[in-house]
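Listing of final.txt; format and content: compact mmCIF, C-alpha atoms.
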# COMPACT_ATOMS: atom_id res chain seq x y z
CA MET C 1 0.00 0.00 0.00
CA THR C 2 1.11 3.53 -0.67
CA ALA C 3 1.16 6.23 1.98
CA VAL C 4 -1.95 7.76 0.40
CA THR C 5 -4.15 4.67 0.69
CA ASP C 6 -2.91 4.30 4.26
CA THR C 7 -3.97 7.74 5.39
CA ILE C 8 -7.29 8.16 3.51
CA ARG C 9 -10.09 6.13 5.10
CA ASN C 10 -13.81 6.55 4.30
CA GLY C 11 -12.76 9.53 2.20
CA VAL C 12 -11.26 11.24 5.25
CA ASP C 13 -7.57 12.16 5.42
CA THR C 14 -6.77 10.67 8.82
CA GLU C 15 -3.24 12.06 8.86
CA LYS C 16 -4.64 15.57 8.47
CA MET C 17 -7.36 14.71 11.02
CA PHE C 18 -4.87 13.71 13.72
CA ALA C 19 -2.66 16.72 12.92
CA THR C 20 -5.71 18.99 13.34
CA LEU C 21 -6.61 17.37 16.67
CA ASP C 22 -3.01 17.76 17.91
CA LEU C 23 -2.92 21.41 16.84
CA ILE C 24 -6.19 22.20 18.64
CA LYS C 25 -5.03 20.40 21.77
CA ALA C 26 -1.85 22.51 21.74
CA GLN C 27 -3.64 25.79 20.90
CA PRO C 28 -7.23 25.61 22.20
CA GLU C 29 -7.89 29.20 21.08
CA LEU C 30 -7.90 27.90 17.49
CA ALA C 31 -11.09 25.96 18.29
CA ARG C 32 -13.28 29.12 18.16
CA PHE C 33 -15.50 28.87 15.08
CA GLN C 34 -18.44 30.94 13.90
CA PHE C 35 -20.77 29.71 11.18
CA ARG C 36 -23.28 31.96 9.40
CA ALA C 37 -26.23 32.04 7.07
CA THR C 38 -28.05 34.96 5.49
CA ASN C 39 -31.62 34.55 4.33
CA ARG C 40 -33.83 36.57 2.03
CA TRP C 41 -37.59 36.28 1.61
CA ILE C 42 -38.63 35.79 -2.01
CA ASP C 43 -42.44 35.31 -2.00
CA GLY C 44 -44.96 33.49 0.17
CA ALA C 45 -43.25 30.48 1.78
CA HIS C 46 -40.26 30.80 -0.55
CA ASN C 47 -37.05 32.08 0.96
CA ARG C 48 -33.40 31.42 0.24
CA SER C 49 -30.32 31.18 2.43
CA THR C 50 -26.83 32.02 1.26
CA ILE C 51 -23.94 30.35 3.05
CA LYS C 52 -20.26 31.00 2.50
CA GLY C 53 -18.04 32.79 4.99
CA PHE C 54 -17.11 31.53 8.44
CA TYR C 55 -14.57 32.23 11.15
CA ALA C 56 -12.20 29.42 12.07
CA ALA C 57 -8.84 28.79 13.69
CA GLY C 58 -8.02 32.41 14.50
CA GLY C 59 -9.24 34.14 11.35
CA GLU C 60 -11.82 34.47 8.63
CA ASP C 61 -11.71 31.36 6.45
CA THR C 62 -11.27 32.17 2.76
CA SER C 63 -10.98 28.66 1.36
CA ARG C 64 -14.51 28.45 -0.01
CA SER C 65 -14.61 29.52 -3.61
CA ALA C 66 -18.39 29.73 -4.07
CA GLU C 67 -21.58 30.50 -2.17
CA PHE C 68 -24.05 27.77 -1.32
CA HIS C 69 -27.76 28.44 -1.70
CA ALA C 70 -30.62 26.60 -0.02
CA ASP C 71 -34.23 27.27 -1.00
CA ALA C 72 -37.03 26.64 1.46
CA GLY C 73 -40.75 26.34 0.83
CA GLU C 74 -43.93 24.66 1.96
CA PRO C 75 -46.20 22.11 0.30
CA ALA C 76 -49.68 23.13 -0.91
CA ILE C 77 -51.40 22.01 2.30
CA LEU C 78 -49.24 24.52 4.19
CA LEU C 79 -49.97 27.28 1.66
CA GLY C 80 -46.75 27.05 -0.34
CA THR C 81 -45.76 25.98 -3.83
CA ASP C 82 -43.00 23.45 -3.04
CA THR C 83 -40.13 25.81 -3.76
CA GLY C 84 -37.96 23.62 -1.52
CA PRO C 85 -38.08 21.40 1.57
CA ASN C 86 -39.80 23.09 4.49
CA PRO C 87 -37.81 24.39 7.47
CA ALA C 88 -38.67 21.42 9.72
CA GLU C 89 -37.52 19.01 7.00
CA TYR C 90 -34.26 20.97 6.76
CA LEU C 91 -33.81 20.47 10.50
CA LEU C 92 -34.14 16.69 9.95
CA HIS C 93 -31.59 16.95 7.14
CA ALA C 94 -29.17 18.89 9.37
CA LEU C 95 -29.46 16.20 12.03
CA ALA C 96 -29.04 13.33 9.54
CA ALA C 97 -26.04 15.01 7.91
CA CYS C 98 -24.29 15.72 11.21
CA LEU C 99 -24.76 12.23 12.61
CA THR C 100 -23.62 10.70 9.31
CA THR C 101 -20.46 12.81 9.08
CA SER C 102 -19.72 12.12 12.74
CA ILE C 103 -20.08 8.37 12.10
CA VAL C 104 -17.78 8.54 9.06
CA TYR C 105 -15.12 10.58 10.92
CA VAL C 106 -15.20 8.45 14.08
CA ALA C 107 -14.95 5.30 11.95
CA ALA C 108 -11.98 6.77 10.05
CA ALA C 109 -10.21 7.58 13.33
CA ARG C 110 -10.84 4.04 14.61
CA LYS C 111 -9.66 2.35 11.39
CA VAL C 112 -13.17 1.10 10.61
CA GLU C 113 -13.82 0.97 6.87
CA LEU C 114 -17.46 1.75 6.12
CA THR C 115 -19.21 0.64 2.94
CA SER C 116 -22.65 2.15 3.49
CA VAL C 117 -24.40 4.56 5.87
CA GLU C 118 -28.08 5.27 5.33
CA SER C 119 -30.64 6.85 7.60
CA THR C 120 -34.33 7.64 7.75
CA LEU C 121 -35.61 10.40 10.04
CA THR C 122 -39.17 11.17 10.99
CA GLY C 123 -40.53 14.06 13.03
CA ASP C 124 -44.06 14.10 14.45
CA MET C 125 -45.86 17.40 14.84
CA ASP C 126 -49.29 18.64 15.81
CA VAL C 127 -49.51 21.70 13.57
CA ARG C 128 -52.09 23.39 15.79
CA GLY C 129 -49.14 24.80 17.74
CA ALA C 130 -47.28 26.42 14.84
CA LEU C 131 -50.53 27.56 13.22
CA GLY C 132 -51.55 29.31 16.43
CA VAL C 133 -54.84 27.40 16.66
CA ASP C 134 -54.17 25.91 20.09
CA ASP C 135 -51.67 26.79 22.82
CA GLU C 136 -51.31 23.25 24.11
CA PRO C 137 -49.34 21.39 21.41
CA ARG C 138 -45.77 22.60 21.10
CA ASN C 139 -44.84 24.29 17.81
CA GLY C 140 -42.10 21.88 16.80
CA PHE C 141 -41.70 18.12 16.60
CA GLU C 142 -42.80 16.24 19.71
CA ARG C 143 -40.15 13.65 18.93
CA ILE C 144 -37.72 12.70 16.21
CA GLU C 145 -36.88 9.12 15.32
CA VAL C 146 -33.60 8.37 13.57
CA SER C 147 -32.92 4.93 12.06
CA PHE C 148 -29.41 4.19 10.81
CA ARG C 149 -28.42 1.25 8.63
CA LEU C 150 -24.65 0.73 8.55
CA ALA C 151 -22.39 -1.65 6.71
CA GLY C 152 -18.62 -1.88 7.05
CA ARG C 153 -15.66 -4.18 7.43
CA ALA C 154 -15.91 -4.52 11.21
CA PRO C 155 -17.86 -6.61 13.72
CA GLU C 156 -21.37 -5.41 14.55
CA GLU C 157 -20.31 -4.36 18.06
CA LYS C 158 -17.59 -2.10 16.68
CA LEU C 159 -20.02 -0.48 14.22
CA ARG C 160 -22.48 0.15 17.05
CA ASP C 161 -19.71 1.71 19.17
CA VAL C 162 -18.89 4.05 16.28
CA VAL C 163 -22.52 5.24 16.12
CA GLU C 164 -22.64 5.70 19.88
CA ARG C 165 -19.46 7.79 19.90
CA ALA C 166 -20.75 9.83 16.94
CA ARG C 167 -24.01 10.52 18.78
CA LYS C 168 -22.02 11.72 21.80
CA ARG C 169 -20.02 14.17 19.66
CA SER C 170 -22.43 15.37 17.00
CA ALA C 171 -22.90 19.15 17.04
CA VAL C 172 -26.43 19.12 15.62
CA TYR C 173 -27.55 16.17 17.77
CA ASP C 174 -26.44 18.18 20.81
CA MET C 175 -28.31 21.28 19.62
CA VAL C 176 -31.51 19.45 18.64
CA THR C 177 -31.70 17.42 21.84
CA ASN C 178 -30.51 20.06 24.31
CA GLY C 179 -31.48 23.33 22.67
CA VAL C 180 -29.43 26.48 22.11
CA PRO C 181 -29.99 30.04 23.42
CA VAL C 182 -31.15 32.23 20.53
CA ALA C 183 -30.99 36.03 20.58
CA LEU C 184 -33.31 37.74 18.11
CA ASN C 185 -32.79 41.35 16.98
CA VAL C 186 -35.09 43.30 14.68
CA THR C 187 -34.46 46.38 12.58
CA THR C 188 -37.21 47.99 10.51
CA ASP C 189 -36.69 50.25 7.50
CA MET V 1 -59.58 45.39 -6.71
CA THR V 2 -60.46 41.87 -7.77
CA ALA V 3 -61.13 39.07 -5.32
CA VAL V 4 -57.71 37.60 -6.15
CA THR V 5 -55.69 40.66 -5.19
CA ASP V 6 -57.79 40.89 -2.04
CA THR V 7 -57.05 37.39 -0.81
CA ILE V 8 -53.38 37.00 -1.80
CA ARG V 9 -51.09 38.94 0.55
CA ASN V 10 -47.29 38.51 0.70
CA GLY V 11 -47.76 35.64 -1.73
CA VAL V 12 -49.98 33.81 0.77
CA ASP V 13 -53.58 32.92 -0.06
CA THR V 14 -55.21 34.26 3.10
CA GLU V 15 -58.64 32.91 2.17
CA LYS V 16 -57.17 29.39 1.99
CA MET V 17 -55.20 30.11 5.20
CA PHE V 18 -58.29 31.03 7.21
CA ALA V 19 -60.21 28.06 5.75
CA THR V 20 -57.34 25.74 6.82
CA LEU V 21 -57.32 27.21 10.33
CA ASP V 22 -61.11 26.80 10.61
CA LEU V 23 -60.92 23.19 9.39
CA ILE V 24 -58.20 22.30 11.93
CA LYS V 25 -60.13 23.99 14.74
CA ALA V 26 -63.18 21.89 13.81
CA GLN V 27 -61.23 18.63 13.32
CA PRO V 28 -58.08 18.74 15.48
CA GLU V 29 -57.13 15.19 14.42
CA LEU V 30 -56.23 16.64 10.99
CA ALA V 31 -53.36 18.53 12.67
CA ARG V 32 -51.20 15.36 12.98
CA PHE V 33 -48.28 15.74 10.55
CA GLN V 34 -45.12 13.69 10.07
CA PHE V 35 -42.17 15.03 8.09
CA ARG V 36 -39.29 12.86 6.90
CA ALA V 37 -35.84 12.85 5.40
CA THR V 38 -33.67 9.98 4.20
CA ASN V 39 -29.92 10.42 4.01
CA ARG V 40 -27.16 8.52 2.24
CA TRP V 41 -23.43 8.80 2.82
CA ILE V 42 -21.51 9.44 -0.40
CA ASP V 43 -17.84 9.90 0.60
CA GLY V 44 -15.97 11.62 3.41
CA ALA V 45 -18.04 14.55 4.68
CA HIS V 46 -20.34 14.36 1.65
CA ASN V 47 -23.83 13.03 2.24
CA ARG V 48 -27.17 13.74 0.63
CA SER V 49 -30.71 13.90 1.98
CA THR V 50 -33.79 13.13 -0.07
CA ILE V 51 -37.06 14.74 1.01
CA LYS V 52 -40.46 14.13 -0.50
CA GLY V 53 -43.23 12.23 1.28
CA PHE V 54 -45.03 13.35 4.42
CA TYR V 55 -48.16 12.55 6.36
CA ALA V 56 -50.70 15.34 6.78
CA ALA V 57 -54.36 15.91 7.53
CA GLY V 58 -55.33 12.26 7.92
CA GLY V 59 -53.36 10.67 5.11
CA GLU V 60 -50.15 10.44 3.13
CA ASP V 61 -49.74 13.63 1.14
CA THR V 62 -49.20 12.99 -2.58
CA SER V 63 -49.16 16.56 -3.84
CA ARG V 64 -45.39 16.82 -4.25
CA SER V 65 -44.37 15.90 -7.76
CA ALA V 66 -40.60 15.70 -7.26
CA GLU V 67 -38.00 14.82 -4.64
CA PHE V 68 -35.85 17.49 -3.06
CA HIS V 69 -32.15 16.83 -2.53
CA ALA V 70 -29.83 18.57 -0.10
CA ASP V 71 -26.09 17.94 -0.17
CA ALA V 72 -24.00 18.42 2.95
CA GLY V 73 -20.25 18.74 3.30
CA GLU V 74 -17.47 20.35 5.28
CA PRO V 75 -14.87 22.96 4.36
CA ALA V 76 -11.19 21.97 4.03
CA ILE V 77 -10.34 22.95 7.62
CA LEU V 78 -12.89 20.37 8.79
CA LEU V 79 -11.53 17.73 6.40
CA GLY V 80 -14.13 18.04 3.66
CA THR V 81 -14.20 19.29 0.10
CA ASP V 82 -17.10 21.79 0.26
CA THR V 83 -19.69 19.48 -1.26
CA GLY V 84 -22.36 21.58 0.45
CA PRO V 85 -23.05 23.64 3.57
CA ASN V 86 -22.12 21.83 6.74
CA PRO V 87 -24.79 20.42 9.06
CA ALA V 88 -24.55 23.27 11.59
CA GLU V 89 -24.97 25.81 8.77
CA TYR V 90 -28.07 23.87 7.62
CA LEU V 91 -29.46 24.23 11.14
CA LEU V 92 -29.02 28.02 10.87
CA HIS V 93 -30.76 27.90 7.49
CA ALA V 94 -33.66 25.87 8.95
CA LEU V 95 -34.07 28.45 11.71
CA ALA V 96 -33.87 31.41 9.33
CA ALA V 97 -36.34 29.83 6.91
CA CYS V 98 -38.87 28.98 9.62
CA LEU V 99 -38.79 32.42 11.26
CA THR V 100 -39.06 34.09 7.85
CA THR V 101 -42.04 32.01 6.73
CA SER V 102 -43.68 32.55 10.11
CA ILE V 103 -43.21 36.32 9.75
CA VAL V 104 -44.66 36.29 6.23
CA TYR V 105 -47.69 34.20 7.25
CA VAL V 106 -48.42 36.19 10.41
CA ALA V 107 -48.14 39.42 8.43
CA ALA V 108 -50.53 38.06 5.79
CA ALA V 109 -53.05 37.11 8.46
CA ARG V 110 -52.80 40.60 10.01
CA LYS V 111 -53.12 42.43 6.68
CA VAL V 112 -49.54 43.69 6.87
CA GLU V 113 -47.96 43.97 3.44
CA LEU V 114 -44.24 43.21 3.61
CA THR V 115 -41.77 44.45 1.04
CA SER V 116 -38.55 42.90 2.35
CA VAL V 117 -37.47 40.37 4.99
CA GLU V 118 -33.76 39.66 5.38
CA SER V 119 -31.85 37.97 8.16
CA THR V 120 -28.32 37.15 9.20
CA LEU V 121 -27.66 34.29 11.60
CA THR V 122 -24.45 33.46 13.40
CA GLY V 123 -23.62 30.47 15.59
CA ASP V 124 -20.56 30.35 17.84
CA MET V 125 -18.91 27.03 18.53
CA ASP V 126 -15.82 25.74 20.29
CA VAL V 127 -15.03 22.77 18.04
CA ARG V 128 -13.08 20.97 20.77
CA GLY V 129 -16.43 19.49 21.83
CA ALA V 130 -17.49 18.02 18.49
CA LEU V 131 -13.91 16.92 17.71
CA GLY V 132 -13.74 15.03 20.99
CA VAL V 133 -10.62 16.91 22.13
CA ASP V 134 -12.14 18.26 25.33
CA ASP V 135 -15.25 17.28 27.31
CA GLU V 136 -15.94 20.77 28.62
CA PRO V 137 -17.19 22.74 25.59
CA ARG V 138 -20.55 21.54 24.33
CA ASN V 139 -20.61 20.02 20.84
CA GLY V 140 -23.02 22.48 19.27
CA PHE V 141 -23.37 26.25 19.15
CA GLU V 142 -23.11 27.99 22.52
CA ARG V 143 -25.48 30.63 21.21
CA ILE V 144 -27.16 31.71 18.00
CA GLU V 145 -27.76 35.33 17.08
CA VAL V 146 -30.49 36.17 14.60
CA SER V 147 -30.79 39.68 13.12
CA PHE V 148 -33.87 40.50 11.05
CA ARG V 149 -34.30 43.54 8.84
CA LEU V 150 -37.92 44.09 7.81
CA ALA V 151 -39.66 46.57 5.58
CA GLY V 152 -43.37 46.79 4.96
CA ARG V 153 -46.35 49.10 4.67
CA ALA V 154 -47.05 49.27 8.39
CA PRO V 155 -45.83 51.24 11.41
CA GLU V 156 -42.64 49.97 13.05
CA GLU V 157 -44.55 48.79 16.12
CA LYS V 158 -46.82 46.60 14.00
CA LEU V 159 -43.85 45.07 12.17
CA ARG V 160 -42.18 44.30 15.51
CA ASP V 161 -45.39 42.68 16.78
CA VAL V 162 -45.44 40.46 13.68
CA VAL V 163 -41.89 39.26 14.39
CA GLU V 164 -42.72 38.64 18.03
CA ARG V 165 -45.79 36.57 17.16
CA ALA V 166 -43.78 34.63 14.53
CA ARG V 167 -41.09 33.86 17.11
CA LYS V 168 -43.77 32.54 19.46
CA ARG V 169 -45.16 30.19 16.77
CA SER V 170 -42.14 29.10 14.76
CA ALA V 171 -41.67 25.31 14.77
CA VAL V 172 -37.89 25.39 14.29
CA TYR V 173 -37.37 28.24 16.78
CA ASP V 174 -39.21 26.09 19.34
CA MET V 175 -37.08 23.04 18.53
CA VAL V 176 -33.76 24.89 18.47
CA THR V 177 -34.38 26.80 21.70
CA ASN V 178 -36.15 24.04 23.67
CA GLY V 179 -34.77 20.84 22.18
CA VAL V 180 -36.60 17.72 20.99
CA PRO V 181 -36.36 14.12 22.24
CA VAL V 182 -34.50 12.05 19.64
CA ALA V 183 -34.64 8.24 19.49
CA LEU V 184 -31.75 6.63 17.61
CA ASN V 185 -31.95 3.08 16.22
CA VAL V 186 -29.14 1.22 14.50
CA THR V 187 -29.18 -1.77 12.17
CA THR V 188 -25.98 -3.28 10.79
CA ASP V 189 -25.71 -5.43 7.66
I'd like the structure from this file rewritten - as structure tokens, please.
Amino acid sequence: MTAVTDTIRNGVDTEKMFATLDLIKAQPELARFQFRATNRWIDGAHNRSTIKGFYAAGGEDTSRSAEFHADAGEPAILLGTDTGPNPAEYLLHALAACLTTSIVYVAAARKVELTSVESTLTGDMDVRGALGVDDEPRNGFERIEVSFRLAGRAPEEKLRDVVERARKRSAVYDMVTNGVPVALNVTTD
Amino acid sequence: MTAVTDTIRNGVDTEKMFATLDLIKAQPELARFQFRATNRWIDGAHNRSTIKGFYAAGGEDTSRSAEFHADAGEPAILLGTDTGPNPAEYLLHALAACLTTSIVYVAAARKVELTSVESTLTGDMDVRGALGVDDEPRNGFERIEVSFRLAGRAPEEKLRDVVERARKRSAVYDMVTNGVPVALNVTTD
């Protein structure tokens, strides 16, 4: 095997991963990150976020060459025209994506070669809350169920340990299960 | 004015909105919704969610003609190749999109014509948590700051009241600030 095949596992450069971890252990101040999104209303339930810049490792990151755009919408029953997934579906996507990346990175660090990671997420909601019809149901999902199906070249127990460690370290899992303080400012023209 | 221009406000069909609210008040069992996302790992930090089907108003909704796809990734400093926004950025987008749609709908219901709704969201994170370098910092954002800039044909106080009501009813704002119970199941092949 060449050095390259040795260090890349699950598409993750483990040599760079361990170097990053060592650097952050040595200089914890480099661990301060800030992510951002800007959003603009287009019409009705259609709005679009633009995502590009972020602060990382002591300075503004300039490595991204292009903006990302994400369009949100609502289906007809919620008065939209399907211009994109709705915001609650995007929250499920954020959770799925974070757990999946955490699984892939943890597996790479533990020398576990994965061949497949798939998940299905469901969120149950009584829309009387968000629609303002009733004060009793909460606005958001009452519960989220996440089902992962993993395959890899490792015993089942090791694969399950990878998922458990990923769950313990996932940023979005932490935020969705524990909540985050949100400050909301408004300016009017 | 025609009936059409009377009932459509901010791109929202208010006649249909009030009919929906009346229907759900009369038959609360129609308020049970389930949203879903499936996700598949592609390589490294790249994974993709597919979003289409959902349960609503007593049955499986079949109005969506096409699947939505959302690609996630990580920037180089987090060992990815920018295949999409990262999961934490998608969470900011979900929050921005939900608050924006809530503002637009509340304004439509209150006969407030909006001309512009823009927002900037930031989330601060100490990545030592998610990277597993230190147990002290939490994995997710310590705080999120949301700044809205609104313009519309209404006094400032009325615009601020719209935002306040939207914040009180937003599904994703509720989930992000209060958290949601998440059940995680794993199957291995």
task: Please identify all polymer residues within 12 Å of Ile42 (chain C), counting all atoms listed in the file, omitting same-chain residues fewer than 4 positions from it, and present them as JSON, numbers by chain.
output: {"C": [46, 47, 48, 49, 71, 72, 73, 83], "V": [10, 11, 12, 97, 100, 101, 104, 114, 115, 116, 117, 118]}
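Each of C:Asn178, C:Asn139, C:Thr187, C:Thr38 was checked against Glu157 (chain V) using all atoms listed in the file; the smallest atom-to-atom distance is that of C:Thr187.
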- line: Between V:Gly59, V:Gly53, V:Gly44, V:Gly179, smallest distance to Leu79 (chain V) by only C-alpha atoms belongs to V:Gly44
Moved coordinates, chain V onto chain C, all Cα atoms, as a short mmCIF file (atom, residue, chain, number, x, y, z; two decimals) with C-alpha atoms, keeping the file's coordinate frame:
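Written out: result_22.cif:
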data_model
loop_
_atom_site.label_atom_id
_atom_site.label_comp_id
_atom_site.auth_asym_id
_atom_site.auth_seq_id
_atom_site.Cartn_x
_atom_site.Cartn_y
_atom_site.Cartn_z
CA MET V 1 0.00 -0.05 -0.04
CA THR V 2 1.10 3.51 -0.68
CA ALA V 3 1.11 6.20 1.98
CA VAL V 4 -2.00 7.72 0.37
CA THR V 5 -4.18 4.63 0.65
CA ASP V 6 -2.94 4.25 4.22
CA THR V 7 -3.99 7.70 5.37
CA ILE V 8 -7.29 8.15 3.50
CA ARG V 9 -10.09 6.12 5.11
CA ASN V 10 -13.81 6.56 4.30
CA GLY V 11 -12.75 9.54 2.20
CA VAL V 12 -11.25 11.24 5.26
CA ASP V 13 -7.57 12.15 5.41
CA THR V 14 -6.78 10.66 8.82
CA GLU V 15 -3.24 12.03 8.85
CA LYS V 16 -4.64 15.56 8.46
CA MET V 17 -7.35 14.71 11.03
CA PHE V 18 -4.87 13.69 13.72
CA ALA V 19 -2.66 16.71 12.93
CA THR V 20 -5.72 19.00 13.33
CA LEU V 21 -6.62 17.37 16.66
CA ASP V 22 -3.03 17.75 17.91
CA LEU V 23 -2.92 21.41 16.84
CA ILE V 24 -6.21 22.20 18.64
CA LYS V 25 -5.04 20.38 21.77
CA ALA V 26 -1.87 22.50 21.74
CA GLN V 27 -3.65 25.79 20.92
CA PRO V 28 -7.24 25.60 22.20
CA GLU V 29 -7.92 29.20 21.09
CA LEU V 30 -7.91 27.91 17.49
CA ALA V 31 -11.10 25.96 18.30
CA ARG V 32 -13.28 29.12 18.19
CA PHE V 33 -15.49 28.87 15.08
CA GLN V 34 -18.44 30.96 13.91
CA PHE V 35 -20.78 29.72 11.18
CA ARG V 36 -23.28 31.96 9.40
CA ALA V 37 -26.23 32.05 7.07
CA THR V 38 -28.04 34.98 5.49
CA ASN V 39 -31.62 34.57 4.34
CA ARG V 40 -33.85 36.56 2.01
CA TRP V 41 -37.60 36.28 1.61
CA ILE V 42 -38.64 35.79 -2.02
CA ASP V 43 -42.44 35.31 -2.00
CA GLY V 44 -44.95 33.48 0.16
CA ALA V 45 -43.25 30.48 1.78
CA HIS V 46 -40.26 30.79 -0.55
CA ASN V 47 -37.04 32.08 0.96
CA ARG V 48 -33.40 31.42 0.22
CA SER V 49 -30.32 31.18 2.42
CA THR V 50 -26.82 32.03 1.26
CA ILE V 51 -23.93 30.35 3.06
CA LYS V 52 -20.26 31.01 2.49
CA GLY V 53 -18.04 32.81 5.00
CA PHE V 54 -17.09 31.55 8.44
CA TYR V 55 -14.56 32.24 11.14
CA ALA V 56 -12.19 29.42 12.07
CA ALA V 57 -8.84 28.80 13.70
CA GLY V 58 -8.02 32.42 14.48
CA GLY V 59 -9.23 34.15 11.34
CA GLU V 60 -11.83 34.48 8.62
CA ASP V 61 -11.70 31.39 6.45
CA THR V 62 -11.28 32.19 2.75
CA SER V 63 -10.98 28.68 1.36
CA ARG V 64 -14.52 28.46 0.00
CA SER V 65 -14.62 29.54 -3.61
CA ALA V 66 -18.40 29.74 -4.08
CA GLU V 67 -21.58 30.52 -2.17
CA PHE V 68 -24.05 27.79 -1.30
CA HIS V 69 -27.76 28.45 -1.70
CA ALA V 70 -30.61 26.61 -0.02
CA ASP V 71 -34.22 27.27 -1.01
CA ALA V 72 -37.03 26.66 1.45
CA GLY V 73 -40.74 26.35 0.83
CA GLU V 74 -43.92 24.66 1.96
CA PRO V 75 -46.19 22.11 0.30
CA ALA V 76 -49.67 23.14 -0.91
CA ILE V 77 -51.40 22.00 2.30
CA LEU V 78 -49.24 24.51 4.19
CA LEU V 79 -49.97 27.26 1.65
CA GLY V 80 -46.76 27.06 -0.35
CA THR V 81 -45.78 25.97 -3.83
CA ASP V 82 -43.00 23.45 -3.05
CA THR V 83 -40.12 25.81 -3.75
CA GLY V 84 -37.96 23.62 -1.52
CA PRO V 85 -38.07 21.42 1.58
CA ASN V 86 -39.79 23.10 4.49
CA PRO V 87 -37.80 24.39 7.47
CA ALA V 88 -38.66 21.43 9.73
CA GLU V 89 -37.52 19.01 7.00
CA TYR V 90 -34.24 20.99 6.76
CA LEU V 91 -33.79 20.46 10.50
CA LEU V 92 -34.13 16.69 9.96
CA HIS V 93 -31.58 16.95 7.14
CA ALA V 94 -29.16 18.90 9.37
CA LEU V 95 -29.45 16.20 12.03
CA ALA V 96 -29.02 13.35 9.55
CA ALA V 97 -26.03 15.02 7.91
CA CYS V 98 -24.28 15.73 11.21
CA LEU V 99 -24.75 12.23 12.62
CA THR V 100 -23.61 10.71 9.32
CA THR V 101 -20.46 12.82 9.09
CA SER V 102 -19.73 12.12 12.74
CA ILE V 103 -20.07 8.37 12.11
CA VAL V 104 -17.77 8.55 9.08
CA TYR V 105 -15.11 10.58 10.93
CA VAL V 106 -15.20 8.44 14.08
CA ALA V 107 -14.94 5.31 11.95
CA ALA V 108 -11.97 6.77 10.07
CA ALA V 109 -10.22 7.59 13.33
CA ARG V 110 -10.83 4.03 14.61
CA LYS V 111 -9.66 2.35 11.39
CA VAL V 112 -13.17 1.10 10.61
CA GLU V 113 -13.82 0.98 6.88
CA LEU V 114 -17.47 1.76 6.13
CA THR V 115 -19.20 0.64 2.97
CA SER V 116 -22.65 2.15 3.49
CA VAL V 117 -24.39 4.57 5.87
CA GLU V 118 -28.08 5.28 5.34
CA SER V 119 -30.64 6.86 7.62
CA THR V 120 -34.32 7.65 7.76
CA LEU V 121 -35.59 10.40 10.04
CA THR V 122 -39.16 11.17 11.00
CA GLY V 123 -40.53 14.06 13.04
CA ASP V 124 -44.06 14.10 14.44
CA MET V 125 -45.85 17.40 14.83
CA ASP V 126 -49.30 18.62 15.81
CA VAL V 127 -49.51 21.69 13.56
CA ARG V 128 -52.10 23.38 15.79
CA GLY V 129 -49.14 24.80 17.73
CA ALA V 130 -47.27 26.41 14.83
CA LEU V 131 -50.54 27.56 13.22
CA GLY V 132 -51.55 29.30 16.43
CA VAL V 133 -54.85 27.39 16.66
CA ASP V 134 -54.18 25.89 20.07
CA ASP V 135 -51.68 26.77 22.82
CA GLU V 136 -51.33 23.22 24.11
CA PRO V 137 -49.34 21.38 21.41
CA ARG V 138 -45.77 22.61 21.10
CA ASN V 139 -44.84 24.29 17.81
CA GLY V 140 -42.09 21.89 16.79
CA PHE V 141 -41.70 18.12 16.60
CA GLU V 142 -42.80 16.24 19.71
CA ARG V 143 -40.16 13.64 18.93
CA ILE V 144 -37.71 12.70 16.21
CA GLU V 145 -36.88 9.12 15.31
CA VAL V 146 -33.60 8.38 13.57
CA SER V 147 -32.91 4.93 12.06
CA PHE V 148 -29.40 4.19 10.81
CA ARG V 149 -28.41 1.25 8.65
CA LEU V 150 -24.64 0.72 8.55
CA ALA V 151 -22.38 -1.66 6.73
CA GLY V 152 -18.63 -1.88 7.06
CA ARG V 153 -15.66 -4.19 7.43
CA ALA V 154 -15.93 -4.53 11.20
CA PRO V 155 -17.86 -6.62 13.72
CA GLU V 156 -21.37 -5.41 14.55
CA GLU V 157 -20.31 -4.37 18.05
CA LYS V 158 -17.59 -2.11 16.68
CA LEU V 159 -20.01 -0.48 14.22
CA ARG V 160 -22.48 0.15 17.06
CA ASP V 161 -19.70 1.70 19.17
CA VAL V 162 -18.88 4.05 16.29
CA VAL V 163 -22.50 5.24 16.13
CA GLU V 164 -22.63 5.69 19.88
CA ARG V 165 -19.45 7.78 19.91
CA ALA V 166 -20.74 9.85 16.95
CA ARG V 167 -24.00 10.52 18.79
CA LYS V 168 -22.01 11.72 21.80
CA ARG V 169 -20.00 14.17 19.66
CA SER V 170 -22.42 15.37 17.00
CA ALA V 171 -22.90 19.16 17.06
CA VAL V 172 -26.43 19.12 15.63
CA TYR V 173 -27.55 16.16 17.78
CA ASP V 174 -26.43 18.19 20.81
CA MET V 175 -28.30 21.28 19.62
CA VAL V 176 -31.49 19.46 18.64
CA THR V 177 -31.70 17.40 21.84
CA ASN V 178 -30.50 20.06 24.31
CA GLY V 179 -31.48 23.33 22.66
CA VAL V 180 -29.43 26.49 22.11
CA PRO V 181 -30.00 30.03 23.42
CA VAL V 182 -31.15 32.23 20.53
CA ALA V 183 -31.00 36.04 20.59
CA LEU V 184 -33.32 37.75 18.11
CA ASN V 185 -32.80 41.35 16.97
CA VAL V 186 -35.09 43.30 14.68
CA THR V 187 -34.48 46.39 12.57
CA THR V 188 -37.23 47.98 10.49
CA ASP V 189 -36.71 50.27 7.50
#
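Counting all atoms listed in the file, Pro137 (chain C) has the following residues at most 7 Å away, ignoring those fewer than 6 positions along the same chain: Asp126, Arg128 and Gly129 of chain C.
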message: What's around Ser119 (chain V) at 12 Å? Count all atoms listed in the file, leave out sequence neighbours fewer than 2 positions away in its own chain, and write the answer as number ranges by chain.
response: C: 36-41, 47-50, 184-188; V: 92-93, 95-101, 103, 116-117, 121-122, 145-151, 163
